[in-house]
Amino acid sequence: MMKVTNLRKSYGQGEAKVEVLKGINLEIIKGETLALIGKSGSGKSTLLSLLAGLDKADTGEIFVQGQKISSMSERELTHFRAHHMGIVFQQFHLVSTLTALENVLLPLELLKREGALETARNLLESVGLSHRSHHLPSELSGGESQRVAIARAVAIKPSILFADEPSGNLDEDTGDRVMELLFKMVADTGTTLVLVTHDQDLAKKCSRIIHLEHGSLL
Amino acid sequence: MKFKFFFVKEMKKFPFFFLLLAFTLLLGTMGLVGISIVTGQVQEKLKNNANELLTSDIAVSARRELFPAEQEALSRIFALYPHQRYKIIDIYSMITHIREKATRLVEIRATEEQFPFYGKLTLRSDKFENENLYVSKDLADLWQVKENDDLQIGELVMKVKGVVEDDSSMGLRGFSLAPRIYLPLSKLLQTGLIKPGATGSFAHHFKLKDYTQEKIQNIKSSIYREIKDSAVKITLPEDSSEQTGRVINTLTNFMALSALIGLILSLVGVFYLYQSHLLARLKDLCLLNLHGLTKREIVIGIIAQFSFIFFVVMLIELALIIPLYKILAPLLSNNLGIELNGEVHILSALTEIPFLFGLSLFILVPLLLGLMRTPMGLQLKASKLSMGRFRFWDFLPFIISLWLFSCYLSHSFRTGNLFFGSLLLVFLLSTLVVRGGQLLLRKMISGKGLLLPTIENGIALRGLTRSGHKLTLSFLSLAMGATLISLILQLDRMILKEFALDPKKPSLFIFDIQEEQMEPLTQHAKEIGAPLAYVTPMIRARLEKVNDKKYVKKKRSYDFRSKEEDEDQRFRNNSLNITYRNFLTDSEKIISGHPFPPGGASDDRLPFISLEKRWSERMDLSIGDKLTFDIQGVEFEGVVHNIREVKWTTFYPNFFVTVEPSMIEAAPKTFLAVLPSGPKDTKLMFQRSSVEKFPNISFIDVEELVGKLSGLFIKARQAIEVISWLSLAVGLVILYGLSHDQVYRRYYDLALMKSLGFSATRLRLNLLYEFGALFLSAMSLGLFLGWLMAQVVGKEVFKLSLSVDWGRILYPAGLLTVLCLVTILASSWRAVRARPRELLSDS
Amino acid sequence: MKLFIIFLLLISTSVMGQTILFLGDSLTEGYQLSKEEAFPALIEKELKKEHKKIKVINGGVSGATSASGMKRMDWYLKAKPDFLVLALGANDGLRGMKVTETEKNLSSVIEKAQQRGITVILTGMKMPTNMGEPYRTQFENIFPKIAKKYSIKLIPFILEGVGGKPEFNLPDGIHPNPKGHEIMAKTILKVLEPEL
């Protein structure tokens with residue numbers, strides 16, 4: 001469902017220029033859970049950002065569901081992301097002025113989906129947070145915030161879900177529970193998952209692991 | 001070591017922030033320091049001006065020579081204070097222009113050596129020397145007196161040495177019946193005009209070597225103690241300037257107010273800057289704390305940084321201001337109508353600095369206390385850092401010092417309290433409005449989805465109701481900023497209206513025109529090309545009864561100690577000049593009651609009377625009172641129908657009592673008229689020919705007086721306009737900064753929304769709705785409250801009347817709306833370029 | 001119009017007695033004093049002791065010059081005065097008006113009064129020394145000249161014993177105080193009373 005060819009990305013200029021990705025080739029199959037593992041500075045977040053259309057590569061091509069997202073304009077990318085992708089960030093990143101319910105509702109109402117409110121309520125319930133639906137992110141704990149983020153990410157039933165170190169900011173117990181929830185939701189919906197992590201144990205829970213080191217796949 | 005690291009390295013690391021801080025402080029304080037220098041000079045100049053009008057520090061005078069005992073008493077009193085003195089005698093006399101063989105009335109001012117102590121006489125050519133005879137330019141022009149002409153003054157014949165173009169002691173002290181000549185006192189005594197029975201003003205003027213207010217007051221008290229005769233008057237400089245004083249007081253008050261406003265606006269900016277900065281630095285501060293730097297040391301470090309910046313800014317200001325002032329002084333002098341010297345007394349600039357420093361520091365207190373309350377260790381564990389909350393009482397030091405500073409700057413507790421009190425009220429009202437507004441919005445969105453009707457709007461509404469204290473603070477800052485801008489603009493307009501010039505400026509007052517002369521005089525004036533204006537009948541009357549009870553004078557004493565008492569005495573003698581007319585002049589306005597009905601008096605009621613406000617207050621009369629006048633032997637009854645207010649800036653004679661037409665026309669009367677400003681030759685021709693044709697008519701030349709006052713008004717207006725525009729500029733800059741900061745804080749939210757699929761357009765719309773609503777509502781409220789405040793401050797401090805100037809409400813509204821839009825668009829331009837990539841873990 | 005009617009009504013009350021009109025300026029008006037303190041009222045009070053039906057009209061207007069005399073005379077003629085004490089001219093002098101003008105104006109008033117059978121008494125004025133010669137002399141001479149011309153009684157100087165004396169004047173040094181007015185009343189009565 002996703003094909004990446006010869007992806008290169010550098011940051012900085014002149015002497016300070018750093019080649020973060022040195023020609024990545026990758027194929028992701030629909031429904032699979034892919035762990036992208038690497039040490040800090042290996043380029044995994046950069047790769048994720050390119051795959052999720054959050055940034056543009058210097059060279060190379062990315063196809064998602066047959067569409068070449070690497071040559072899309074920002075507007076097209078944004079539109080594409082809204083319809084097909086979900087993202088869960090390490091720092092949760094909920095819109096601070098929306099309640100838990102409204103955060104989940106956001107992507108649904110953006111696409112003007114029918115029964116959005118109902119869907120959002122159900123999703124919140126499925127992550128065990130119905131009782132917190134009217135709370136603002138500032139009133140939620142880390143784990144709760146991340147669960148809301150997961151609910152939001154899967155709300156539109158995206159074809160592909162990107163998770164960038166989702167348990168990175170959580171304690172072990174909470175992290176485990178959050179990951180369990182994520183895996184379950186992905187399994188229930190058959191969503192393709194690309195998970196960036198440095199945690200080997202967590203990576204093992206995925207169907208495939210790929211290693212990234214110094215900007216190249218091992 | 002740690003401290004030094006913190007202090008120095010911090011500043012090196014964030015040059016932009018500290019530069020911005022310095023700039024904001026500079027903007028806010030420059031106005032104040034600059035204005036305090038100018039105000040200091042203006043006030044000194046006013047004092048000098050007043051001194052110039054009197055020509056000395058204190059004058060002791062009477063309408064007769066002082067008795068030997070009185071002179072002795074004066075010498076005794078003044079012996080205690082090193083001083084200089086001279087005598088001035090002012091008398092009217094008939095002198096003869098020998099060449100022209102013409103005799104006319106002049107006012108003789110006979111002076112001694114050293115005259116004048118203050119001010120100067122400017123001659124057409126040459127310098128004024130106290131041993132010669134000089135004539136005023138009025139006399140020279142009217143009577144064609146030239147240098148070296150012989151004038152017979154009493155028994156003496158003297159040659160005219162020169163023509164006085166400008167006498168700084170003249171012009172603002174009232175009208176003179178005749179043009180002036182200047183003689184040495186010794187010569188006057190030789191004329192034989194000063195014999196027993198002579199009437200005039202005999203004044204002894206003194207200038208103290210080391211002047212202090214206290215000394216003068218002591219001297220005054222001593223004189224009153226030793227010289228009991230009420231015929232002997234003491235005049236101080238402040239007694240001699242009237243309208244100038246009022247104009248200049250208005251100007252300085254306005255300048256002080258706008259400087260204060262500029263300062264407050266910039267302090268709001270400082271608060272915001274520091275809040276953003278500290279929040280951005282919080283993580284590092286927590287780390288420093290973790291490594292051993294105590295919170296106290298951090299706070300002291302911040303105070304040290306701020307103090308350093310503040311004093312650097314002050315130094316720059318003083319370094320800038322001094323040369324700038326030297327360059328601008330002539331321009332300012334021109335604009336303010338006051339001669340300012342380019343010298344800056346550092347001291348006058350320095351007195352403000354401790355206050356400014358205190359105020360600026362106090363605005364940071366809530367932030368610093370918040371920092372002290374921050375559990376720094378815990379912060380490092382938190383996913384999102386936040387500073388300890390500040391409490392309301394954290395702002396108390398700032399509030400109290402602002403109050404004190406307002407009083408200090410306005411030199412009056414009343415004005416300071418008024419300004420500060422109304423500002424506080426504005427603040428409280430704004431808080432109520434924002435909280436109320438939020439409550440309303442919350443009710444609106446409760447239980448509803450995000451599409452209201454669009455998602456951008458839905459998110460915007462939530463942003464408005466859920467941003468907590470941040471939003472409240474932003475709203476309040478914006479509202480206060482807009483209030484202050486609106487206040488300045490409204491006041492500016494109100495004051496300008498007050499200083500609106502009479503389009504028909506008078507150059508000659510003509511009075512004692514007999515009824516039968518009115519027609520021929522009018523005709524004559526028209527023929528000469530000098531048509532008359534303000535032709536007004538004048539009838540002498542005495543107030544006999546009020547509501548059928550005999551009118552009794554309240555107090556009787558001939559102790560004319562002050563101008564007001566003098567006026568009071570005149571008022572209490574119930575004779576006055578009244579007129580009849582059915583219209584209001586340009587400088588009049590009815591403030592209570594109704595205008596006279598058309599058609600004049602009618603048989604079914606008592607005739608209507610209109611009273612001037614001040615006079616009615618002095619005489620304790622009000623609408624509905626029945627007044628009985630004795631009009632030259634005949635009783636006339638009328639009822640007070642309205643009270644009029646007469647502009648104090650008017651140059652036209654003011655009648656305290658006007659009666660509606662068809663009642664008193666038959667009574668004997670004279671007329672007065674005005675020759676409006678026009679070509680000088682026409683005026684001279686008219687005066688000369690009228691004196692011939694109508695020898696009983698009297699003329700008072702007011703051209704110079706009117707010119708001086710008009711000039712002053714014009715310049716005051718210009719100064720006020722300039723100041724208000726400057727304040728507006730400062731306000732707009734600050735508001736822009738605040739607004740920009742507000743929008744920019746949403747950077748991460750915007751990045752997130754972008755990552756979730758919001759297009760740039762949607763993001764902009766979201767910003768537009770949220771911040772548009774916030775800014776526009778804050779600014780609209782501010783505009784309205786500013787207008788309200790202007791009415792209060794205007795009335796109580798500047799004695800202006802209520803006004804609604806839609807232009808002055810709408811154009812800043814338009815300006816601020818444009819500012820809003822520009823801010824939102826400019827900030828959003830950056831913000832919508834937010835890279836969602838930055839949301840990722842390694843960013 | 002209304003004023004005329006009131007005037008006519010007032011006249012009717014004075015039909016039986018004698019009416020004395022004082023036509024003057026601030027000295028007559030009693031500048032800064034109440035009506036009762038000015039010399040016309042004082043004269044009335046004094047005369048009433050002997051002559052019950054005396055009525056005095058205070059026709060003093062501060063600042064009036066002799067030019068206003070005629071018009072004001074017309075006004076007061078309605079009251080049918082029997083006597084006229086003419087006390088105008090001081091303001092003419094203080095304003096430096098030509099003495100011929102003053103003379104002309106005063107003469108017109110006297111002629112009009114005499115035409116109506118009114119007994120005229122003229123008060124003389126003097127200018128303060130600061131006004132200078134020859135003006136002072138010229139001014140002072142107006143009054144005896146007119147008095148002679150029209151064969152009327154003259155009070156040589158209305159401010160005799162008052163002018164220039166601080167104790168009888170207000171602090172402005174020009175206008176008499178109540179004590180000054182008492183003296184003025186006596187001065188005038190000396191000439192007026194025998195005429196009644």
# chains A, B, ... in the order shown; residues from 1 in each chain; ligands from 1
>>> residues_around(residues="range 154-159 of chain C", least_positions_apart="5", cutoff="9 Å", atoms="only C-alpha atoms", output="MDAnalysis selection string")
chainID C and resid 87 121:126 143:144 147:148 164 176 180:181 183:184 187:188 190:191
>>> interface_residues(of="chain C", to="chain B", cutoff="7 Å", atoms="only C-alpha atoms", output="MDAnalysis selection string")
chainID C and resid 1:3 7 32:34 57:59 61 67:68 71:72 75 95:97 128:133 135 163:164 171:173
>>> atom_distance(atom1="CA of Ser216 in chain A", atom2="CA of Thr5 in chain A")
12.6 Å
>>> residues_around(residues="Ser159 in chain A", least_positions_apart="5", cutoff="8 Å", atoms="only C-alpha atoms", output="VMD selection string")
chain A and resid 84 to 85 191 to 192
>>> write_last_selection(atoms="C-alpha atoms", output="JSON list (two decimals), in the first residue's frame")
[["chain", "number", "residue", "atom", "x", "y", "z"],
["A", 84, "HIS", "CA", -6.11, 8.68, 4.58],
["A", 85, "MET", "CA", -3.68, 9.08, 7.42],
["A", 191, "THR", "CA", -5.22, -0.31, 9.60],
["A", 192, "THR", "CA", -1.61, -0.38, 8.45]]
>>> atom_distance(atom1="CA of Pro137 in chain A", atom2="CA of Leu752 in chain B")
13.8 Å
>>> closest_atom_pairs(of="chain A", to="chain B", cutoff="8 Å", atoms="only C-alpha atoms", output="JSON lines")
{"residue": "A:Ser45", "atom": "CA", "partner": "B:Asp842", "partner_atom": "CA", "distance": 6.7}
{"residue": "A:Ser49", "atom": "CA", "partner": "B:Arg837", "partner_atom": "CA", "distance": 6.1}
{"residue": "A:Leu54", "atom": "CA", "partner": "B:Arg837", "partner_atom": "CA", "distance": 5.4}
{"residue": "A:Asp55", "atom": "CA", "partner": "B:Arg837", "partner_atom": "CA", "distance": 6.2}
{"residue": "A:Arg75", "atom": "CA", "partner": "B:Ser759", "partner_atom": "CA", "distance": 6.2}
{"residue": "A:Thr78", "atom": "CA", "partner": "B:Gly757", "partner_atom": "CA", "distance": 4.7}
{"residue": "A:His79", "atom": "CA", "partner": "B:Gly757", "partner_atom": "CA", "distance": 5.8}
{"residue": "A:Phe80", "atom": "CA", "partner": "B:Gly757", "partner_atom": "CA", "distance": 7.6}
{"residue": "A:Arg81", "atom": "CA", "partner": "B:Gly757", "partner_atom": "CA", "distance": 5.6}
{"residue": "A:Ala82", "atom": "CA", "partner": "B:Gly757", "partner_atom": "CA", "distance": 4.1}
{"residue": "A:His83", "atom": "CA", "partner": "B:Gly757", "partner_atom": "CA", "distance": 7.8}
{"residue": "A:Gly86", "atom": "CA", "partner": "B:Leu756", "partner_atom": "CA", "distance": 7.5}
{"residue": "A:Ile87", "atom": "CA", "partner": "B:Leu756", "partner_atom": "CA", "distance": 7.7}
{"residue": "A:Phe89", "atom": "CA", "partner": "B:Leu840", "partner_atom": "CA", "distance": 6.4}
{"residue": "A:Gln90", "atom": "CA", "partner": "B:Ser841", "partner_atom": "CA", "distance": 5.8}
{"residue": "A:Gln91", "atom": "CA", "partner": "B:Ser383", "partner_atom": "CA", "distance": 7.2}
{"residue": "A:His93", "atom": "CA", "partner": "B:Leu752", "partner_atom": "CA", "distance": 6.8}
{"residue": "A:Leu94", "atom": "CA", "partner": "B:Leu752", "partner_atom": "CA", "distance": 7.7}
{"residue": "A:Val95", "atom": "CA", "partner": "B:Asp749", "partner_atom": "CA", "distance": 5.7}
{"residue": "A:Ser96", "atom": "CA", "partner": "B:Asp749", "partner_atom": "CA", "distance": 7.3}
{"residue": "A:Thr97", "atom": "CA", "partner": "B:Gly463", "partner_atom": "CA", "distance": 5.2}
{"residue": "A:Leu98", "atom": "CA", "partner": "B:Arg462", "partner_atom": "CA", "distance": 6.5}
{"residue": "A:Glu102", "atom": "CA", "partner": "B:Leu450", "partner_atom": "CA", "distance": 7.2}
{"residue": "A:Leu105", "atom": "CA", "partner": "B:Leu450", "partner_atom": "CA", "distance": 7.5}
{"residue": "A:Leu106", "atom": "CA", "partner": "B:Leu450", "partner_atom": "CA", "distance": 7.2}
{"residue": "A:Pro107", "atom": "CA", "partner": "B:Leu756", "partner_atom": "CA", "distance": 6.7}
{"residue": "A:Glu109", "atom": "CA", "partner": "B:Leu450", "partner_atom": "CA", "distance": 6.7}
{"residue": "A:Leu110", "atom": "CA", "partner": "B:Ile455", "partner_atom": "CA", "distance": 6.6}
{"residue": "A:Leu117", "atom": "CA", "partner": "B:Gly449", "partner_atom": "CA", "distance": 6.8}
{"residue": "A:Gly142", "atom": "CA", "partner": "B:Ser383", "partner_atom": "CA", "distance": 7.8}
{"residue": "A:Asp164", "atom": "CA", "partner": "B:Ser841", "partner_atom": "CA", "distance": 6.9}
{"residue": "A:Glu165", "atom": "CA", "partner": "B:Ser841", "partner_atom": "CA", "distance": 7.2}
{"residue": "A:Asn169", "atom": "CA", "partner": "B:Ser383", "partner_atom": "CA", "distance": 7.4}
>>> write_last_selection(atoms="C-alpha atoms", output="PDB file, in the first residue's frame")
ATOM      1  CA  SER A  45      11.629  10.436  12.746  1.00  0.00           C
ATOM      2  CA  SER A  49       7.732  12.658   8.635  1.00  0.00           C
ATOM      3  CA  LEU A  54       4.709  16.130   7.067  1.00  0.00           C
ATOM      4  CA  ASP A  55       7.851  17.017   5.184  1.00  0.00           C
ATOM      5  CA  ARG A  75      -2.455  21.590  -0.173  1.00  0.00           C
ATOM      6  CA  THR A  78      -2.907  18.129   3.635  1.00  0.00           C
ATOM      7  CA  HIS A  79      -6.027  16.942   1.920  1.00  0.00           C
ATOM      8  CA  PHE A  80      -4.589  13.479   1.468  1.00  0.00           C
ATOM      9  CA  ARG A  81      -3.523  13.266   5.086  1.00  0.00           C
ATOM     10  CA  ALA A  82      -6.953  14.319   6.260  1.00  0.00           C
ATOM     11  CA  HIS A  83      -8.573  11.488   4.317  1.00  0.00           C
ATOM     12  CA  GLY A  86      -3.672   9.147  11.174  1.00  0.00           C
ATOM     13  CA  ILE A  87      -0.791  10.259  13.384  1.00  0.00           C
ATOM     14  CA  PHE A  89       2.773  11.813  18.439  1.00  0.00           C
ATOM     15  CA  GLN A  90       5.082  11.183  21.327  1.00  0.00           C
ATOM     16  CA  GLN A  91       3.966  14.424  23.028  1.00  0.00           C
ATOM     17  CA  HIS A  93      -0.435  16.892  20.902  1.00  0.00           C
ATOM     18  CA  LEU A  94      -4.072  17.501  21.523  1.00  0.00           C
ATOM     19  CA  VAL A  95      -5.645  20.804  20.581  1.00  0.00           C
ATOM     20  CA  SER A  96      -5.508  22.613  23.886  1.00  0.00           C
ATOM     21  CA  THR A  97      -8.846  24.355  23.588  1.00  0.00           C
ATOM     22  CA  LEU A  98     -10.866  21.296  22.655  1.00  0.00           C
ATOM     23  CA  GLU A 102     -13.939  17.379  20.600  1.00  0.00           C
ATOM     24  CA  LEU A 105     -14.505  14.741  16.793  1.00  0.00           C
ATOM     25  CA  LEU A 106     -12.111  17.059  14.990  1.00  0.00           C
ATOM     26  CA  PRO A 107     -10.964  14.902  12.080  1.00  0.00           C
ATOM     27  CA  GLU A 109     -16.127  16.995  11.401  1.00  0.00           C
ATOM     28  CA  LEU A 110     -13.316  18.177   9.169  1.00  0.00           C
ATOM     29  CA  LEU A 117     -20.603  12.913  17.299  1.00  0.00           C
ATOM     30  CA  GLY A 142      -0.307  11.605  30.044  1.00  0.00           C
ATOM     31  CA  ASP A 164       6.006   8.301  16.636  1.00  0.00           C
ATOM     32  CA  GLU A 165       7.277   6.879  19.909  1.00  0.00           C
ATOM     33  CA  ASN A 169       6.522  10.159  27.350  1.00  0.00           C
TER      34      ASN A 169
END
>>> residues_around(residues="Ile160 in chain A", least_positions_apart="3", cutoff="12 Å", atoms="only C-alpha atoms", output="compact mmCIF listing (two decimals) with C-alpha atoms, in the first residue's frame")
# COMPACT_ATOMS: atom_id res chain seq x y z
CA MET A 1 0.00 0.00 0.00
CA MET A 2 3.04 2.21 0.35
CA ILE A 28 4.73 -1.51 3.18
CA ILE A 29 1.92 -4.00 2.79
CA LYS A 30 -1.63 -3.21 3.65
CA GLY A 31 -2.60 -4.27 7.14
CA GLU A 32 0.87 -4.87 8.37
CA THR A 33 2.34 -3.39 11.55
CA LEU A 34 5.82 -2.14 10.76
CA LEU A 48 8.31 9.03 9.41
CA LEU A 51 6.12 8.98 4.88
CA ALA A 52 3.36 10.88 6.68
CA GLY A 53 3.66 13.77 4.28
CA VAL A 64 0.56 5.68 -1.02
CA GLN A 65 -2.35 3.65 -2.35
CA PHE A 80 -4.59 13.48 1.47
CA ARG A 81 -3.52 13.27 5.09
CA ALA A 82 -6.95 14.32 6.26
CA HIS A 83 -8.57 11.49 4.32
CA HIS A 84 -6.11 8.68 4.58
CA MET A 85 -3.68 9.08 7.42
CA GLY A 86 -3.67 9.15 11.17
CA ILE A 87 -0.79 10.26 13.38
CA VAL A 88 -0.03 9.68 17.04
CA ALA A 153 -5.97 9.07 14.96
CA VAL A 154 -8.24 6.13 14.15
CA ALA A 155 -11.45 8.14 14.00
CA ILE A 156 -11.51 8.55 10.22
CA LYS A 157 -10.54 4.96 9.70
CA ALA A 163 2.90 6.44 15.57
CA VAL A 186 -5.24 -1.21 14.57
CA THR A 189 -9.82 -1.92 11.87
CA GLY A 190 -7.16 -3.55 9.75
CA THR A 191 -5.22 -0.31 9.60
CA THR A 192 -1.61 -0.38 8.45
CA LEU A 193 0.64 0.82 11.27
CA VAL A 194 4.08 2.34 11.00
CA LEU A 195 5.54 2.56 14.47
>>> atom_distance(atom1="CA of Phe608 in chain B", atom2="CA of Phe596 in chain B")
7.0 Å
